[in-house]
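Dumped work09.pdb below, it's PDB, C-alpha atoms, pLDDT in the B column:
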MODEL        1
ATOM      1  CA  PHE A   1       0.000   0.000   0.000  1.00 81.00           C
ATOM      2  CA  PRO A   2       1.120   3.574  -0.542  1.00 88.00           C
ATOM      3  CA  SER A   3       1.803   5.721   2.515  1.00 92.00           C
ATOM      4  CA  HIS A   4      -1.130   8.001   1.627  1.00 94.00           C
ATOM      5  CA  VAL A   5      -4.146   8.169  -0.681  1.00 94.00           C
ATOM      6  CA  SER A   6      -6.649  10.883  -1.550  1.00 95.00           C
ATOM      7  CA  THR A   7      -9.936  11.410   0.262  1.00 97.00           C
ATOM      8  CA  GLY A   8     -13.108  10.431  -1.556  1.00 96.00           C
ATOM      9  CA  THR A   9     -13.856   7.763  -4.109  1.00 96.00           C
ATOM     10  CA  THR A  10     -10.835   6.789  -6.149  1.00 93.00           C
ATOM     11  CA  LEU A  11     -10.222   3.972  -8.601  1.00 94.00           C
ATOM     12  CA  TRP A  12      -7.467   1.679  -7.400  1.00 94.00           C
ATOM     13  CA  LYS A  13      -5.533  -0.622  -9.689  1.00 95.00           C
ATOM     14  CA  VAL A  14      -4.707  -3.668  -7.576  1.00 94.00           C
ATOM     15  CA  THR A  15      -2.266  -6.276  -8.881  1.00 95.00           C
ATOM     16  CA  ASN A  16      -1.523  -9.450  -6.982  1.00 96.00           C
ATOM     17  CA  ALA A  17       2.073 -10.248  -7.926  1.00 94.00           C
ATOM     18  CA  GLY A  18       2.274 -12.919  -5.223  1.00 92.00           C
ATOM     19  CA  SER A  19       1.721 -16.658  -5.349  1.00 94.00           C
ATOM     20  CA  GLN A  20      -1.432 -16.692  -3.178  1.00 96.00           C
ATOM     21  CA  PRO A  21      -4.837 -14.964  -3.226  1.00 97.00           C
ATOM     22  CA  HIS A  22      -5.290 -11.842  -1.085  1.00 96.00           C
ATOM     23  CA  VAL A  23      -8.084  -9.708   0.357  1.00 95.00           C
ATOM     24  CA  ALA A  24      -7.671  -6.239   1.839  1.00 95.00           C
ATOM     25  CA  GLU A  25      -9.852  -5.290   4.792  1.00 96.00           C
ATOM     26  CA  LEU A  26      -9.516  -1.556   5.470  1.00 97.00           C
ATOM     27  CA  TYR A  27     -10.171   0.068   8.860  1.00 98.00           C
ATOM     28  CA  ARG A  28     -10.171   3.787   9.710  1.00 98.00           C
ATOM     29  CA  LEU A  29      -8.649   4.173  13.161  1.00 98.00           C
ATOM     30  CA  LEU A  30     -10.141   6.454  15.775  1.00 97.00           C
ATOM     31  CA  PRO A  31      -7.863   9.319  16.900  1.00 97.00           C
ATOM     32  CA  GLY A  32      -5.062   8.077  19.143  1.00 95.00           C
ATOM     33  CA  ARG A  33      -5.600   4.413  18.235  1.00 96.00           C
ATOM     34  CA  THR A  34      -2.989   2.199  16.577  1.00 95.00           C
ATOM     35  CA  ALA A  35      -2.741  -0.842  14.339  1.00 96.00           C
ATOM     36  CA  GLN A  36      -1.769  -2.825  17.448  1.00 94.00           C
ATOM     37  CA  ASP A  37      -5.009  -1.689  19.135  1.00 95.00           C
ATOM     38  CA  LEU A  38      -6.917  -2.917  16.085  1.00 95.00           C
ATOM     39  CA  LEU A  39      -5.219  -6.327  16.140  1.00 94.00           C
ATOM     40  CA  ALA A  40      -5.875  -6.704  19.878  1.00 94.00           C
ATOM     41  CA  TYR A  41      -9.560  -5.826  19.335  1.00 94.00           C
ATOM     42  CA  LEU A  42      -9.897  -8.273  16.427  1.00 92.00           C
ATOM     43  CA  ARG A  43      -8.324 -11.025  18.576  1.00 91.00           C
ATOM     44  CA  GLY A  44     -10.954 -10.273  21.247  1.00 92.00           C
ATOM     45  CA  GLU A  45      -8.436  -9.324  23.898  1.00 90.00           C
ATOM     46  CA  GLY A  46     -10.101  -8.298  27.128  1.00 76.00           C
ATOM     47  CA  SER A  47     -11.159  -4.716  27.576  1.00 80.00           C
ATOM     48  CA  VAL A  48      -9.899  -3.325  24.268  1.00 80.00           C
ATOM     49  CA  ARG A  49     -12.563  -0.961  22.929  1.00 90.00           C
ATOM     50  CA  LYS A  50     -13.432  -0.793  19.253  1.00 95.00           C
ATOM     51  CA  PRO A  51     -10.556   1.268  17.741  1.00 97.00           C
ATOM     52  CA  PHE A  52     -12.139   2.020  14.344  1.00 97.00           C
ATOM     53  CA  ASP A  53     -15.232   3.716  12.961  1.00 97.00           C
ATOM     54  CA  SER A  54     -15.227   2.932   9.226  1.00 94.00           C
ATOM     55  CA  THR A  55     -14.384  -0.038   7.061  1.00 95.00           C
ATOM     56  CA  ALA A  56     -13.980  -0.880   3.388  1.00 95.00           C
ATOM     57  CA  ASN A  57     -12.622  -3.870   1.554  1.00 93.00           C
ATOM     58  CA  ILE A  58     -11.049  -5.064  -1.632  1.00 94.00           C
ATOM     59  CA  ALA A  59     -12.463  -8.451  -2.602  1.00 92.00           C
ATOM     60  CA  MET A  60     -10.346 -11.502  -3.319  1.00 94.00           C
ATOM     61  CA  VAL A  61      -7.592 -10.891  -5.860  1.00 96.00           C
ATOM     62  CA  ALA A  62      -6.200 -14.131  -7.279  1.00 96.00           C
ATOM     63  CA  GLU A  63      -2.559 -14.860  -7.971  1.00 95.00           C
ATOM     64  CA  GLY A  64      -1.405 -12.857 -11.004  1.00 95.00           C
ATOM     65  CA  GLU A  65      -4.727 -10.995 -11.308  1.00 97.00           C
ATOM     66  CA  THR A  66      -5.183  -7.240 -11.763  1.00 97.00           C
ATOM     67  CA  VAL A  67      -8.478  -5.623 -10.792  1.00 95.00           C
ATOM     68  CA  TYR A  68      -9.775  -2.050 -10.749  1.00 96.00           C
ATOM     69  CA  VAL A  69     -11.729  -1.247  -7.609  1.00 94.00           C
ATOM     70  CA  PRO A  70     -13.535   1.976  -6.626  1.00 95.00           C
ATOM     71  CA  VAL A  71     -12.675   2.687  -2.992  1.00 94.00           C
ATOM     72  CA  ALA A  72     -14.355   5.454  -0.948  1.00 95.00           C
ATOM     73  CA  LEU A  73     -12.286   6.593   2.025  1.00 96.00           C
ATOM     74  CA  THR A  74     -12.552   9.540   4.410  1.00 97.00           C
ATOM     75  CA  ASP A  75      -9.709  11.498   6.017  1.00 97.00           C
ATOM     76  CA  GLY A  76      -7.781   9.716   8.717  1.00 97.00           C
ATOM     77  CA  ASN A  77      -5.348   6.979   9.607  1.00 98.00           C
ATOM     78  CA  TRP A  78      -6.220   3.661   8.003  1.00 98.00           C
ATOM     79  CA  VAL A  79      -4.951   0.102   8.294  1.00 98.00           C
ATOM     80  CA  ALA A  80      -5.125  -2.596   5.600  1.00 97.00           C
ATOM     81  CA  ILE A  81      -5.100  -6.249   6.669  1.00 97.00           C
ATOM     82  CA  CYS A  82      -5.218  -9.539   4.740  1.00 96.00           C
ATOM     83  CA  PHE A  83      -7.003 -12.318   6.660  1.00 94.00           C
ATOM     84  CA  VAL A  84      -6.647 -15.023   3.968  1.00 96.00           C
ATOM     85  CA  SER A  85      -5.237 -18.329   5.211  1.00 95.00           C
ATOM     86  CA  ASP A  86      -1.738 -19.110   3.988  1.00 95.00           C
ATOM     87  CA  LEU A  87      -1.921 -21.895   1.382  1.00 95.00           C
ATOM     88  CA  ASN A  88       1.396 -23.323   2.592  1.00 94.00           C
ATOM     89  CA  ASP A  89       0.411 -23.254   6.275  1.00 95.00           C
ATOM     90  CA  PRO A  90      -3.404 -23.093   6.676  1.00 91.00           C
ATOM     91  CA  GLY A  91      -3.019 -22.557  10.430  1.00 92.00           C
ATOM     92  CA  LEU A  92      -1.679 -19.064   9.718  1.00 95.00           C
ATOM     93  CA  THR A  93      -3.372 -16.086   8.119  1.00 95.00           C
ATOM     94  CA  HIS A  94      -1.452 -13.575   6.040  1.00 96.00           C
ATOM     95  CA  VAL A  95      -1.742 -10.934   8.772  1.00 95.00           C
ATOM     96  CA  MET A  96      -0.030 -13.380  11.140  1.00 93.00           C
ATOM     97  CA  ASN A  97       2.842 -13.341   8.648  1.00 92.00           C
ATOM     98  CA  GLY A  98       2.981  -9.526   8.739  1.00 93.00           C
ATOM     99  CA  MET A  99       0.552  -8.563   5.974  1.00 95.00           C
ATOM    100  CA  ILE A 100      -0.665  -5.360   7.590  1.00 97.00           C
ATOM    101  CA  SER A 101      -0.082  -1.824   6.362  1.00 96.00           C
ATOM    102  CA  GLU A 102      -0.895   1.596   7.790  1.00 97.00           C
ATOM    103  CA  PHE A 103      -1.643   4.526   5.488  1.00 97.00           C
ATOM    104  CA  GLN A 104      -3.059   8.045   5.651  1.00 97.00           C
ATOM    105  CA  VAL A 105      -6.049   9.391   3.757  1.00 98.00           C
ATOM    106  CA  TYR A 106      -6.168  13.172   3.150  1.00 97.00           C
TER     107      TYR A 106
ENDMDL
END
Can the structure in the file be given as structure tokens, please?
Amino acid sequence: FPSHVSTGTTLWKVTNAGSQPHVAELYRLLPGRTAQDLLAYLRGEGSVRKPFDSTANIAMVAEGETVYVPVALTDGNWVAICFVSDLNDPGLTHVMNGMISEFQVY
């Protein structure tokens, strides 16, 4: 992911150059919240409050595929996560292997 993207609806060209399918779940973080807060919340850890207020996603992109996706994002700090299971180790998801990216929308 780029470090920043423009506010509003933009057309993204998404190419999967990897050897496995991917999905991007996008979360807009609340002020003062971090990607680590988001991961803790998604894991259901204790008293962690919901750290996001908006979501978007990019549907499954197969190995070697290029898609064009309209994405509508508002200003803020966003996090992209891939939750697809690793084909080589189905007990792990891609995010468990570090497939998480923070970016700014303005």
How many Å separate atom CA of Ala62 of chain A from atom CA of Ala40 of chain A?
-> 28.2 Å
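For the pair atom CA of Gly32 of chain A and atom CA of Ser47 of chain A, the interatomic distance is 16.5 Å.
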Give me the result of the PyMOL selection byres ((chain A and resi 8) around 8) on this file, residue by residue, as a ChimeraX atom specification.
-> /A:6-7,9-10,71-74
Residue selection dump (C-alpha atoms) as a PDB file, in the frame of the given file:
ATOM      1  CA  SER A   6      -6.649  10.883  -1.550  1.00 95.00           C
ATOM      2  CA  THR A   7      -9.936  11.410   0.262  1.00 97.00           C
ATOM      3  CA  THR A   9     -13.856   7.763  -4.109  1.00 96.00           C
ATOM      4  CA  THR A  10     -10.835   6.789  -6.149  1.00 93.00           C
ATOM      5  CA  VAL A  71     -12.675   2.687  -2.992  1.00 94.00           C
ATOM      6  CA  ALA A  72     -14.355   5.454  -0.948  1.00 95.00           C
ATOM      7  CA  LEU A  73     -12.286   6.593   2.025  1.00 96.00           C
ATOM      8  CA  THR A  74     -12.552   9.540   4.410  1.00 97.00           C
TER       9      THR A  74
END
Have a look at atom CA of Ser101 of chain A and atom CA of Phe83 of chain A and let me know their distance in Å, one decimal.
-> 12.6 Å
Selected residue of minimal separation from Ala24 of chain A among A:Met99, A:Leu87, A:Leu39, A:Val105, counting all atoms listed in the file = A:Met99
Considering only C-alpha atoms, state which residue in the set A:Tyr27, A:Trp12, A:Tyr106, A:Tyr41 is at the smallest distance from Val79 of chain A.
-> A:Tyr27
Residues at most 10 Å from His4 of chain A, counting only C-alpha atoms, excluding those fewer than 4 positions away in the same chain, as a PDB file with C-alpha atoms, in the frame of the given file?
ATOM      1  CA  GLY A  76      -7.781   9.716   8.717  1.00 97.00           C
ATOM      2  CA  ASN A  77      -5.348   6.979   9.607  1.00 98.00           C
ATOM      3  CA  TRP A  78      -6.220   3.661   8.003  1.00 98.00           C
ATOM      4  CA  GLU A 102      -0.895   1.596   7.790  1.00 97.00           C
ATOM      5  CA  PHE A 103      -1.643   4.526   5.488  1.00 97.00           C
ATOM      6  CA  GLN A 104      -3.059   8.045   5.651  1.00 97.00           C
ATOM      7  CA  VAL A 105      -6.049   9.391   3.757  1.00 98.00           C
ATOM      8  CA  TYR A 106      -6.168  13.172   3.150  1.00 97.00           C
TER       9      TYR A 106
END
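Distances here use all atoms listed in the file; by that measure, the residue among A:Glu45, A:Ile81, A:Asp75, A:Ala35 closest to Asn57 of chain A is A:Ile81.
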Any chance you could resolve the PyMOL selection byres ((chain A and resi 67) around 7) against this file and give the residues as JSON, numbers by chain?
-> {"A": [13, 14, 15, 65, 66, 68, 69]}
Hey, what's within 7 Å of Val61 of chain A if we count only C-alpha atoms and toss same-chain stuff fewer than 4 positions away? As a PyMOL selection string, please?
-> chain A and resi 16+21-23+65
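Counting all atoms listed in the file, the residue from A:Pro90, A:Arg33, A:Cys82, A:Ala17 that sits nearest to Val48 of chain A is A:Arg33.
Here the question is which of A:Val95, A:Ile100, A:Leu26, A:Val84 gets nearest to Met60 of chain A using only C-alpha atoms, and that residue is A:Val84.
Every residue that the PyMOL selection byres ((chain A and resi 52) around 9) selects in this file is listed here: Tyr27, Arg28, Leu29, Leu30, Pro31, Arg33, Leu38, Lys50, Pro51, Asp53, Ser54, Thr55 and Trp78 of chain A.
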Selection above as a file: C-alpha atoms, as a PDB file, in the coordinates of the input:
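Saved file again31.pdb follows:
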ATOM      1  CA  TYR A  27     -10.171   0.068   8.860  1.00 98.00           C
ATOM      2  CA  ARG A  28     -10.171   3.787   9.710  1.00 98.00           C
ATOM      3  CA  LEU A  29      -8.649   4.173  13.161  1.00 98.00           C
ATOM      4  CA  LEU A  30     -10.141   6.454  15.775  1.00 97.00           C
ATOM      5  CA  PRO A  31      -7.863   9.319  16.900  1.00 97.00           C
ATOM      6  CA  ARG A  33      -5.600   4.413  18.235  1.00 96.00           C
ATOM      7  CA  LEU A  38      -6.917  -2.917  16.085  1.00 95.00           C
ATOM      8  CA  LYS A  50     -13.432  -0.793  19.253  1.00 95.00           C
ATOM      9  CA  PRO A  51     -10.556   1.268  17.741  1.00 97.00           C
ATOM     10  CA  ASP A  53     -15.232   3.716  12.961  1.00 97.00           C
ATOM     11  CA  SER A  54     -15.227   2.932   9.226  1.00 94.00           C
ATOM     12  CA  THR A  55     -14.384  -0.038   7.061  1.00 95.00           C
ATOM     13  CA  TRP A  78      -6.220   3.661   8.003  1.00 98.00           C
TER      14      TRP A  78
END
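The closest residue to Ser85 of chain A, picked from A:Arg49, A:Gln20, A:Val5, A:Leu42 and counting only C-alpha atoms, is A:Gln20.
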